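What follows is a short report on a single structure.
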Amino acid sequence: MSQLLDKLAEARQAKDLSRLAAAIPYASWMNIAPENTTGELLTRMRYAPTLIGNTHLPALHGGTIGALLETAAIFHLLWEMDNAALPRIINITVDFLRSGRPMDTLARANFTKLGRRVASVAVEAWQDDRAKPVGAAQLHFLVTPAK
Amino acid sequence: MKDDANPKTMFEMVPGDKLELFQKLFSDTIPHNKALGIVVLSVRKGGASMRLDWQPYLVGNPETGVLHGGAITAMLDACSGMAVATMMTRPQPFATLDLRIDYVHPATPGQPVLADAECVRLTSNVAFTRAVAHHGDPADPIASSAGTFMMATKGMPAMGAPAARTAVSDKGKAR
């Protein structure tokens, strides 16, 4: 059993989502962390000046929105299903819908389909208005469901 | 020498050391690229190459040390964007419309990742790009991507545009 899955089991037992982000160095560095204050699993990317891709607008770097969408999908997979091994990403298709302003960005993932080998996940990211998404992504992961 | 049917690209317009200029503009105007530590290796008309060194804070899987996909996404986006910038014939802001990335093979921990991007076609509205991330052999990629960019978006020209401004102001001085 992998250490990360062990940590995940502990986090689930403690009902402490924040331990997920702490276990992934890149998520910690990007200030991307899951939260569950409203009864649904959301992933927040805290704004930092290092996330900027265009200083003139200013706007977030597209890559940071892609990273948030991907990380939100991973948190969703880790939290919402029982994994016997870590999910492995196959591909991601990101639609950039609006420029990301210099503020916190939230993302919510959903299973489009969860199969025995492949999970198809849809993610949407927004800032102050959920009806105005800044980005959306479709991802495929190789998964190993427990049992 | 002016050929309206075939106007000069920004890459041709910028004076002096193009690599140095693109690297400077790239780092100065794009904080996230700087934060990731991305280095521009080469630029040419219609293409760009970059390097991303392995860093402990970019790791996505702490058990294996494999880089997080997000860092590779950001790099392929940046590299594809620069490939578009080299093709533009006037300064204009542009933005990624979509980016599809296939993670063909996990990155090897500790190894720098190289990216090669090309702008396949540039129209007045949309640019099409292809890119690969690899460890030295583009034929054996870690990831491959296909992207589209919207041209002439709102706001000030960003990445490639300062180069064009430089080129334009330089041209103005020279004549």
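Residues in the structure tokens are named by chain (A, B, ... in the order shown) and by number from 1 within that chain; ligands are numbered from 1 in the order shown.
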If we count only C-alpha atoms and set the cut-off at 9 Å, which residues sit around range 52-67 of chain B, ignoring sequence neighbours fewer than 2 positions away in its own chain? Please answer as a PyMOL selection string. (chain A and resi 2-4+23-30) or (chain B and resi 36-39+50+69-72+75+106-115)
Should the cut-off be 7 Å, what would the residue list for chain B against chain A look like, counting only C-alpha atoms, as a list in words?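 The complete set of qualifying residues is Thr29, Ile30, Pro31, His32, Ala35, Tyr57, Leu58, Val59, Gly60, Asn61, Pro62, His68, Gly70, Thr73, Ala74, Asp77, Thr96, Leu97, Asp98, Leu99, Arg100, Ile101, Asp102, Tyr103, Gly155, Met156 and Ala158 of chain B.
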Kindly export the residues of the current selection with C-alpha atoms, as a PDB file, in the first residue's frame.
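out-v3.pdb, written as the output of this step:
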ATOM      1  CA  THR B  29       6.714  39.819 -18.041  1.00  0.00           C
ATOM      2  CA  ILE B  30       5.651  36.332 -16.947  1.00  0.00           C
ATOM      3  CA  PRO B  31       6.152  35.837 -13.201  1.00  0.00           C
ATOM      4  CA  HIS B  32       4.836  32.284 -13.158  1.00  0.00           C
ATOM      5  CA  ALA B  35       8.653  30.978 -10.465  1.00  0.00           C
ATOM      6  CA  TYR B  57       8.533  21.571  -4.924  1.00  0.00           C
ATOM      7  CA  LEU B  58       7.252  20.583  -8.385  1.00  0.00           C
ATOM      8  CA  VAL B  59       6.765  16.947  -7.377  1.00  0.00           C
ATOM      9  CA  GLY B  60       3.249  15.529  -7.726  1.00  0.00           C
ATOM     10  CA  ASN B  61       3.910  12.075  -6.356  1.00  0.00           C
ATOM     11  CA  PRO B  62       6.156  12.196  -3.275  1.00  0.00           C
ATOM     12  CA  HIS B  68       3.166  17.083 -11.171  1.00  0.00           C
ATOM     13  CA  GLY B  70       0.483  20.959 -13.668  1.00  0.00           C
ATOM     14  CA  THR B  73       0.935  21.928 -18.440  1.00  0.00           C
ATOM     15  CA  ALA B  74       2.269  25.381 -17.576  1.00  0.00           C
ATOM     16  CA  ASP B  77       1.286  26.386 -22.510  1.00  0.00           C
ATOM     17  CA  THR B  96      -4.832  30.226 -24.818  1.00  0.00           C
ATOM     18  CA  LEU B  97      -8.250  29.001 -25.972  1.00  0.00           C
ATOM     19  CA  ASP B  98      -7.706  25.327 -25.292  1.00  0.00           C
ATOM     20  CA  LEU B  99      -4.888  22.933 -24.595  1.00  0.00           C
ATOM     21  CA  ARG B 100      -5.061  19.164 -24.816  1.00  0.00           C
ATOM     22  CA  ILE B 101      -2.205  17.235 -23.219  1.00  0.00           C
ATOM     23  CA  ASP B 102      -1.540  13.503 -23.458  1.00  0.00           C
ATOM     24  CA  TYR B 103       0.691  12.293 -20.651  1.00  0.00           C
ATOM     25  CA  GLY B 155      -5.801  44.343 -23.125  1.00  0.00           C
ATOM     26  CA  MET B 156      -2.155  45.082 -23.672  1.00  0.00           C
ATOM     27  CA  ALA B 158       1.905  40.533 -23.188  1.00  0.00           C
TER      28      ALA B 158
END
Looking only at the backbone, which of the residues in range 68-173 of chain B does DSSP tag as alpha helix (DSSP H), as number ranges by chain? B: 69-87, 161-173
Any chance you could export the current selection's N, CA and C atoms as a short mmCIF file (atom, residue, chain, number, x, y, z; two decimals), in the first residue's frame?
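Everything below was put into part-v1.cif:
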data_model
loop_
_atom_site.label_atom_id
_atom_site.label_comp_id
_atom_site.auth_asym_id
_atom_site.auth_seq_id
_atom_site.Cartn_x
_atom_site.Cartn_y
_atom_site.Cartn_z
N GLY B 69 1.72 16.99 -13.13
CA GLY B 69 1.30 17.35 -14.48
C GLY B 69 1.12 18.85 -14.66
N GLY B 70 0.74 19.53 -13.58
CA GLY B 70 0.48 20.96 -13.67
C GLY B 70 1.69 21.76 -14.13
N ALA B 71 2.88 21.36 -13.66
CA ALA B 71 4.11 22.06 -14.06
C ALA B 71 4.36 21.86 -15.55
N ILE B 72 4.06 20.65 -16.04
CA ILE B 72 4.26 20.35 -17.46
C ILE B 72 3.22 21.08 -18.30
N THR B 73 1.99 21.16 -17.77
CA THR B 73 0.93 21.93 -18.44
C THR B 73 1.37 23.38 -18.62
N ALA B 74 1.86 23.98 -17.53
CA ALA B 74 2.27 25.38 -17.58
C ALA B 74 3.39 25.58 -18.58
N MET B 75 4.33 24.63 -18.62
CA MET B 75 5.47 24.74 -19.53
C MET B 75 5.02 24.62 -21.00
N LEU B 76 4.15 23.63 -21.29
CA LEU B 76 3.69 23.44 -22.67
C LEU B 76 2.86 24.63 -23.13
N ASP B 77 2.08 25.19 -22.21
CA ASP B 77 1.29 26.39 -22.51
C ASP B 77 2.21 27.55 -22.85
N ALA B 78 3.22 27.73 -22.02
CA ALA B 78 4.16 28.84 -22.21
C ALA B 78 4.95 28.68 -23.51
N CYS B 79 5.41 27.46 -23.76
CA CYS B 79 6.24 27.20 -24.94
C CYS B 79 5.41 27.36 -26.22
N SER B 80 4.16 26.86 -26.18
CA SER B 80 3.26 27.00 -27.33
C SER B 80 2.97 28.47 -27.57
N GLY B 81 2.75 29.22 -26.50
CA GLY B 81 2.47 30.65 -26.61
C GLY B 81 3.63 31.40 -27.24
N MET B 82 4.85 31.01 -26.86
CA MET B 82 6.01 31.69 -27.43
C MET B 82 6.16 31.37 -28.92
N ALA B 83 5.83 30.12 -29.28
CA ALA B 83 5.87 29.74 -30.70
C ALA B 83 4.91 30.62 -31.50
N VAL B 84 3.72 30.90 -30.92
CA VAL B 84 2.75 31.78 -31.58
C VAL B 84 3.34 33.18 -31.72
N ALA B 85 3.96 33.67 -30.62
CA ALA B 85 4.50 35.04 -30.61
C ALA B 85 5.53 35.24 -31.73
N THR B 86 6.31 34.22 -32.04
CA THR B 86 7.35 34.38 -33.07
C THR B 86 6.74 34.53 -34.46
N MET B 87 5.48 34.12 -34.62
CA MET B 87 4.83 34.14 -35.94
C MET B 87 4.04 35.41 -36.21
N ALA B 161 4.58 40.58 -27.35
CA ALA B 161 4.35 41.93 -27.81
C ALA B 161 5.44 42.93 -27.42
N PRO B 162 5.98 42.83 -26.21
CA PRO B 162 7.05 43.78 -25.90
C PRO B 162 8.20 43.67 -26.91
N ALA B 163 8.38 42.45 -27.41
CA ALA B 163 9.41 42.26 -28.43
C ALA B 163 9.08 43.06 -29.67
N ALA B 164 7.79 43.05 -30.02
CA ALA B 164 7.35 43.79 -31.20
C ALA B 164 7.46 45.28 -30.95
N ARG B 165 7.09 45.68 -29.72
CA ARG B 165 7.21 47.11 -29.40
C ARG B 165 8.65 47.54 -29.53
N THR B 166 9.52 46.70 -29.01
CA THR B 166 10.95 46.98 -29.12
C THR B 166 11.34 47.12 -30.59
N ALA B 167 10.83 46.15 -31.36
CA ALA B 167 11.18 46.14 -32.78
C ALA B 167 10.67 47.40 -33.47
N VAL B 168 9.40 47.74 -33.16
CA VAL B 168 8.78 48.89 -33.81
C VAL B 168 9.51 50.18 -33.42
N SER B 169 9.77 50.34 -32.11
CA SER B 169 10.41 51.58 -31.67
C SER B 169 11.83 51.65 -32.21
N ASP B 170 12.47 50.51 -32.31
CA ASP B 170 13.82 50.46 -32.84
C ASP B 170 13.83 50.88 -34.31
N LYS B 171 12.81 50.38 -35.04
CA LYS B 171 12.68 50.69 -36.45
C LYS B 171 12.44 52.19 -36.61
N GLY B 172 11.58 52.72 -35.70
CA GLY B 172 11.26 54.14 -35.74
C GLY B 172 12.49 55.00 -35.57
N LYS B 173 13.35 54.55 -34.67
CA LYS B 173 14.59 55.32 -34.40
C LYS B 173 15.52 55.27 -35.61
#
CA of Arg46 in chain A to CA of Asp82 in chain A, straight-line distance in Å: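 We find that CA of Asp82 in chain A and CA of Arg46 in chain A lie 27.9 Å from each other.
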Please return as a ChimeraX atom specification: the residues of chain A that backbone DSSP assigns to strand (DSSP E or B). /A:32-35,42-45,52-54,59-60,83-96,105-114,118-126,133-145
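Counting only C-alpha atoms, the residue from B:Met13, B:Leu19, B:Val43, B:Leu122 that sits nearest to Met151 in chain B is B:Leu122.
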Residues within 8 Å of Arg130 in chain B, please, as number ranges by chain. Count only C-alpha atoms; anything in the same chain fewer than 2 positions from it doesn't count. B: 80, 117-120, 128, 132, 144-147
